[in-house]
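This report concerns only the one structure given below.
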Amino acid sequence: MNIILLGPPGAGKGTQARMLVEKRGMVQLSTGDMLREAKDSGTEMGQIVADVMARGALVTDEIVIGLIKEKLETVKANGFIFDGFPRTLAQADALGDLLEAEGQTLDKVVEMRVDDEALVARITARSTCAACGEVYNDQTKPIPADGKCSNCGATEFKRRADDNEESLKTRLMEYYKQTSPLIGYYYAKGVLSRVDGLGAIAAVQGEIKAVLET
Ligand code: AP5
Ligand code: MG
């Protein structure tokens with residue numbers, strides 16, 4: 001089964017994708033994570049995207065479609081979770097073509113709904129484990145008291161360069177202008193389901209599970 005987690009910045013896409021990987025053995029394809037890796041390892045592409053990402057604007061379709069194409073052609077998986085991709089109608093069309101070329105289908109698109117105020121609070125309180133990427137939140141999922149990541153035991157945590165109110169405004173605007181039209185696009189294709197992303201992490205997980213099992 002191949003699914004998309006669709007939602008604004010801070011909706012909980014990465015958090016839920018990691019839980020699906022653990023429970024279902026699916027493979028998470030997060031274009032945001034891939035781009036941050038390229039940036040951190042200092043590749044030419046990473047240098048090109050660093051400024052764009054820090055501002056909260058979208059990287060070109062060509063770059064992100066290229067990243068996804070390479071993964072779909074090389075990674076064998078018991079289902080993919082697309083996290084943060086597609087983000088434009090052009091990316092959605094490209095994903096459809098790429099899956100078809102691999103003899104695969106897109107089975108579910110899960111729209112995660114969260115209101116803007118909650119998004120700001122979530123994003124400004126987020127940190128991630130520098131070693132494994134486990135996602136934490138100062139309020140809702142604090143780093144364990146012993147200072148060690150609950151997933152891998154590492155002790156270094158980082159905050160993202162785009163997790164500030166200024167960049168978040170741009171990220172939200174990009175979401176409403178460029179990505180939210182995908183809700184209608186996938187509704188028309190008959191694959192869209194909605195979950196309430198405002199609930200607790202476990203409650204959202206339960207709603208996604210129900211969607212995937214219907
Ligand atoms: P990307 O990395 O995809 O960021 P994003 O879409 O802005 O989403 P986030 O990762 O910020 O949020 P999330 O939904 O994963 O939430 P999380 O689970 O972390 O993209 C970054 C940038 O890369 C883009 O701005 C763009 O520049 C570029 N880019 C990436 N893909 C691209 C593409 N396809 N095309 C063009 N450009 C692209 O949770 C957030 C916080 O909330 C955490 O602290 C978490 O612990 C907490 N939390 C999660 N769920 C809950 C809950 N239910 N209740 C309470 N707290 C919760
Ligand atoms: Mg994410």
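By order in the structure tokens, chains are A, B, ...; within a chain, residues start at 1; ligands start at 1, following the order shown.
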
Exercise: region 14-29 of chain A partners within 8 Å, only C-alpha atoms, chain neighbours under 3 positions left out, as number ranges by chain | A: 5, 68, 77-83, 134-135, 201, 204-205

Write the residues you've just listed into a file as a CSV table (one decimal), in the first residue's frame, and include all heavy atoms for each of them.
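Below is the file that was written, result_10.csv:
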```
chain,number,residue,atom,x,y,z
A,5,LEU,N,0.8,11.4,3.3
A,5,LEU,CA,0.3,12.1,4.4
A,5,LEU,C,0.3,13.6,4.0
A,5,LEU,O,1.4,14.1,3.7
A,5,LEU,CB,1.2,11.9,5.6
A,5,LEU,CG,1.2,10.5,6.2
A,5,LEU,CD1,2.1,10.4,7.4
A,5,LEU,CD2,-0.2,10.0,6.5
A,68,ILE,N,12.5,11.9,-5.5
A,68,ILE,CA,11.5,10.8,-5.4
A,68,ILE,C,11.7,9.7,-6.5
A,68,ILE,O,11.6,8.5,-6.2
A,68,ILE,CB,10.0,11.4,-5.4
A,68,ILE,CG1,9.8,12.2,-4.1
A,68,ILE,CG2,9.0,10.3,-5.6
A,68,ILE,CD1,9.7,11.4,-2.9
A,77,ALA,N,10.1,-1.8,-1.3
A,77,ALA,CA,9.4,-1.6,0.0
A,77,ALA,C,8.1,-2.2,0.0
A,77,ALA,O,7.4,-2.4,-1.0
A,77,ALA,CB,9.2,-0.1,0.2
A,78,ASN,N,7.6,-2.5,1.2
A,78,ASN,CA,6.3,-3.0,1.5
A,78,ASN,C,5.4,-1.8,1.6
A,78,ASN,O,4.7,-1.7,2.6
A,78,ASN,CB,6.4,-3.9,2.8
A,78,ASN,CG,5.0,-4.5,3.1
A,78,ASN,OD1,4.2,-4.7,2.2
A,78,ASN,ND2,4.8,-4.6,4.4
A,79,GLY,N,5.4,-0.9,0.7
A,79,GLY,CA,4.6,0.3,0.7
A,79,GLY,C,5.4,1.5,1.1
A,79,GLY,O,6.3,1.5,1.9
A,80,PHE,N,5.1,2.6,0.4
A,80,PHE,CA,5.8,3.9,0.7
A,80,PHE,C,4.8,4.9,1.4
A,80,PHE,O,3.6,4.9,1.1
A,80,PHE,CB,6.2,4.6,-0.6
A,80,PHE,CG,7.4,3.9,-1.3
A,80,PHE,CD1,7.2,3.1,-2.4
A,80,PHE,CD2,8.7,3.9,-0.8
A,80,PHE,CE1,8.2,2.4,-3.1
A,80,PHE,CE2,9.7,3.3,-1.4
A,80,PHE,CZ,9.5,2.5,-2.5
A,81,ILE,N,5.4,5.7,2.3
A,81,ILE,CA,4.6,6.8,2.9
A,81,ILE,C,5.2,8.1,2.4
A,81,ILE,O,6.4,8.4,2.7
A,81,ILE,CB,4.8,6.8,4.4
A,81,ILE,CG1,4.4,5.4,5.0
A,81,ILE,CG2,3.9,7.9,5.0
A,81,ILE,CD1,5.1,5.2,6.4
A,82,PHE,N,4.5,8.8,1.6
A,82,PHE,CA,5.0,10.1,1.1
A,82,PHE,C,4.7,11.2,2.1
A,82,PHE,O,3.5,11.4,2.4
A,82,PHE,CB,4.4,10.4,-0.3
A,82,PHE,CG,4.8,9.3,-1.3
A,82,PHE,CD1,3.9,8.3,-1.6
A,82,PHE,CD2,6.0,9.4,-2.0
A,82,PHE,CE1,4.3,7.3,-2.6
A,82,PHE,CE2,6.4,8.4,-2.9
A,82,PHE,CZ,5.5,7.4,-3.2
A,83,ASP,N,5.7,11.8,2.6
A,83,ASP,CA,5.6,12.8,3.7
A,83,ASP,C,6.2,14.1,3.2
A,83,ASP,O,7.4,14.2,3.0
A,83,ASP,CB,6.4,12.2,4.9
A,83,ASP,CG,6.8,13.3,5.9
A,83,ASP,OD1,6.4,14.4,5.8
A,83,ASP,OD2,7.6,12.9,6.9
A,134,GLU,N,14.2,11.2,15.5
A,134,GLU,CA,13.0,11.1,16.4
A,134,GLU,C,12.5,12.6,16.7
A,134,GLU,O,13.3,13.4,17.0
A,134,GLU,CB,13.3,10.3,17.6
A,134,GLU,CG,12.1,10.1,18.5
A,134,GLU,CD,11.1,9.0,18.0
A,134,GLU,OE1,11.4,8.4,17.0
A,134,GLU,OE2,10.0,8.9,18.6
A,135,VAL,N,11.2,12.8,16.6
A,135,VAL,CA,10.7,14.1,16.7
A,135,VAL,C,10.2,14.4,18.1
A,135,VAL,O,9.4,13.5,18.7
A,135,VAL,CB,9.5,14.3,15.7
A,135,VAL,CG1,9.0,15.8,15.8
A,135,VAL,CG2,9.9,13.9,14.3
A,201,ILE,N,-1.2,12.5,19.9
A,201,ILE,CA,-0.5,11.7,18.9
A,201,ILE,C,-1.1,10.3,18.7
A,201,ILE,O,-1.3,9.8,17.6
A,201,ILE,CB,1.0,11.6,19.3
A,201,ILE,CG1,1.7,13.0,19.1
A,201,ILE,CG2,1.8,10.6,18.4
A,201,ILE,CD1,3.1,13.1,19.6
A,204,VAL,N,-4.5,10.4,16.9
A,204,VAL,CA,-4.3,10.6,15.4
A,204,VAL,C,-3.9,9.3,14.8
A,204,VAL,O,-4.3,8.9,13.7
A,204,VAL,CB,-3.3,11.7,15.1
A,204,VAL,CG1,-3.1,11.9,13.6
A,204,VAL,CG2,-3.8,13.0,15.8
A,205,GLN,N,-3.0,8.6,15.5
A,205,GLN,CA,-2.5,7.3,15.0
A,205,GLN,C,-3.6,6.3,14.8
A,205,GLN,O,-3.7,5.6,13.8
A,205,GLN,CB,-1.5,6.7,16.0
A,205,GLN,CG,-0.8,5.4,15.5
A,205,GLN,CD,0.1,4.8,16.6
A,205,GLN,OE1,0.0,5.2,17.8
A,205,GLN,NE2,0.9,3.9,16.2
```

Could you give me, as a ChimeraX atom specification, each residue of region 65-210 of chain A that DSSP assigns to alpha helix (DSSP H) when run on this structure's backbone?
-> /A:65-74,89-101,116-124,165-174,181-188,201-210

Using only C-alpha atoms, which residues sit within 12 Å of Glu73 (chain A) once same-chain residues fewer than 4 positions away are excluded, as a list in words?
->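 What passes the distance filter is Gly66, Leu67, Ile68, Lys69, Ala77, Leu98, Leu99, Glu100, Ala101, Glu102, Gly103 and Gln104 of chain A.
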
Could you please determine the separation between CA of Gly153 (chain A) and CA of Gly133 (chain A) in Å, to one decimal place?
->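 Computed distance, CA of Gly153 (chain A) to CA of Gly133 (chain A), equals 11.7 Å.
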
Surrounding residues as a PyMOL selection string, ligand 1, max 7 Å, only C-alpha atoms and all ligand atoms = chain A and resi 7-16+30-33+35+52-53+56-61+64+83-87+122-123+125-127+135-137+140-141+171+197-201+204

Gap from CA of Ile63 (chain A) to CA of Met45 (chain A) - Å, one decimal =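 Spanning CA of Ile63 (chain A) to CA of Met45 (chain A) is a straight-line distance of 8.3 Å.
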
Gap from CA of Pro144 (chain A) to CA of Ala131 (chain A) - Å, one decimal |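 So the two atoms, CA of Pro144 (chain A) and CA of Ala131 (chain A), lie 15.3 Å apart.
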
Would you mind listing what lies within 9 Å of Asp162 (chain A) as a ChimeraX atom specification, with only C-alpha atoms counted and same-chain residues fewer than 3 positions away left out?
-> /A:53-56,159,165-168,171

Contacts of Val191 (chain A) at 6 Å or less, counting only C-alpha atoms, minus same-chain residues fewer than 3 places along, as a ChimeraX atom specification?
-> /A:108-109,186

May I have the residues from that selection written out with all heavy atoms, as a JSON list (two decimals), in the first residue's frame?
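What follows is the written file again16.json:
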```json
[["chain", "number", "residue", "atom", "x", "y", "z"],
["A", 108, "LYS", "N", -4.04, 5.55, -0.75],
["A", 108, "LYS", "CA", -4.77, 6.46, 0.16],
["A", 108, "LYS", "C", -4.01, 7.78, 0.28],
["A", 108, "LYS", "O", -2.77, 7.79, 0.32],
["A", 108, "LYS", "CB", -4.84, 5.88, 1.58],
["A", 108, "LYS", "CG", -5.48, 4.53, 1.70],
["A", 108, "LYS", "CD", -6.95, 4.64, 1.98],
["A", 108, "LYS", "CE", -7.54, 3.24, 2.09],
["A", 108, "LYS", "NZ", -8.99, 3.23, 2.19],
["A", 109, "VAL", "N", -4.78, 8.84, 0.37],
["A", 109, "VAL", "CA", -4.21, 10.14, 0.71],
["A", 109, "VAL", "C", -4.89, 10.58, 2.00],
["A", 109, "VAL", "O", -6.12, 10.69, 2.05],
["A", 109, "VAL", "CB", -4.45, 11.17, -0.40],
["A", 109, "VAL", "CG1", -3.91, 12.54, 0.00],
["A", 109, "VAL", "CG2", -3.79, 10.70, -1.70],
["A", 186, "TYR", "N", -7.10, 14.99, -5.14],
["A", 186, "TYR", "CA", -7.18, 13.59, -4.70],
["A", 186, "TYR", "C", -8.61, 13.18, -4.33],
["A", 186, "TYR", "O", -8.97, 12.01, -4.45],
["A", 186, "TYR", "CB", -6.19, 13.32, -3.56],
["A", 186, "TYR", "CG", -4.76, 13.27, -4.05],
["A", 186, "TYR", "CD1", -3.79, 14.15, -3.58],
["A", 186, "TYR", "CD2", -4.38, 12.33, -5.01],
["A", 186, "TYR", "CE1", -2.47, 14.09, -4.06],
["A", 186, "TYR", "CE2", -3.08, 12.28, -5.51],
["A", 186, "TYR", "CZ", -2.13, 13.16, -5.02],
["A", 186, "TYR", "OH", -0.85, 13.10, -5.51]]
```

Among the residues of region 48-213 of chain A, find those DSSP assigns to strand (DSSP E) from the backbone and print them as a ChimeraX atom specification.
-> /A:80-83,108-113,126-129,135-137,157-158,192-196

With a distance cut-off of 9 Å and only C-alpha atoms, select the neighbouring residues of Ile208 (chain A), excluding the residue or stretch itself and same-chain residues fewer than 6 positions from it, and output the selection as a list of chain:residue names.
-> A:Gln16, A:Val110, A:Arg194, A:Val195

Could you check which of A:Arg113, A:Arg160, A:Val120, A:Glu174 is closest to ligand 2, using only C-alpha atoms and all ligand atoms?
->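 Answer, going by the shortest atom-to-atom distance: A:Arg160.
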
If we count only C-alpha atoms, what is near Gly46 (chain A) at a cut-off of 10 Å, once residues fewer than 5 positions away on the same chain are taken out, given as a PyMOL selection string?
-> chain A and resi 34-41+51

Include C-alpha atoms and write out the residues we just selected as a PDB file, in the first residue's frame.
```pdb
ATOM      1  CA  MET A  34      16.158  14.324   1.998  1.00  0.00           C
ATOM      2  CA  LEU A  35      16.745  18.014   1.321  1.00  0.00           C
ATOM      3  CA  ARG A  36      18.048  18.620   4.880  1.00  0.00           C
ATOM      4  CA  GLU A  37      20.433  15.678   4.463  1.00  0.00           C
ATOM      5  CA  ALA A  38      21.725  17.168   1.199  1.00  0.00           C
ATOM      6  CA  LYS A  39      22.146  20.526   2.939  1.00  0.00           C
ATOM      7  CA  ASP A  40      23.976  19.029   5.928  1.00  0.00           C
ATOM      8  CA  SER A  41      26.330  16.980   3.750  1.00  0.00           C
ATOM      9  CA  ASP A  51      18.358  29.497   1.500  1.00  0.00           C
TER      10      ASP A  51
END
```

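Between Asp97 (chain A) and the residues A:Leu192, A:Ala50, A:Met112, A:Leu72, the shortest atom-to-atom distance, using only C-alpha atoms, involves A:Leu72.
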
For Leu106 (chain A), which residue out of A:Ile48, A:Ala145, A:Ala92, A:Leu119 is the nearest one, using only C-alpha atoms?
->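 Nearest candidate to Leu106 (chain A) out of A:Ile48, A:Ala145, A:Ala92, A:Leu119: A:Ala92.
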
Distance criterion (only C-alpha atoms and all ligand atoms): nearest to ligand 2 out of A:Asp93, A:Asp163, A:Ile143, A:Lys148 = A:Asp163

Pick the closest to ligand 2 from A:Pro181, A:Thr128, A:Met1, A:Gln139: which is it, counting only C-alpha atoms and all ligand atoms?
->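 Using only C-alpha atoms and all ligand atoms, the shortest distance to ligand 2 belongs to A:Thr128.
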
From the set A:Ala203, A:Met173, A:Ala161, A:Ile65, which residue has the shortest atom-to-atom contact distance to Thr124 (chain A), counting only C-alpha atoms?
->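 So, comparing all the options, the nearest one is A:Ala161.
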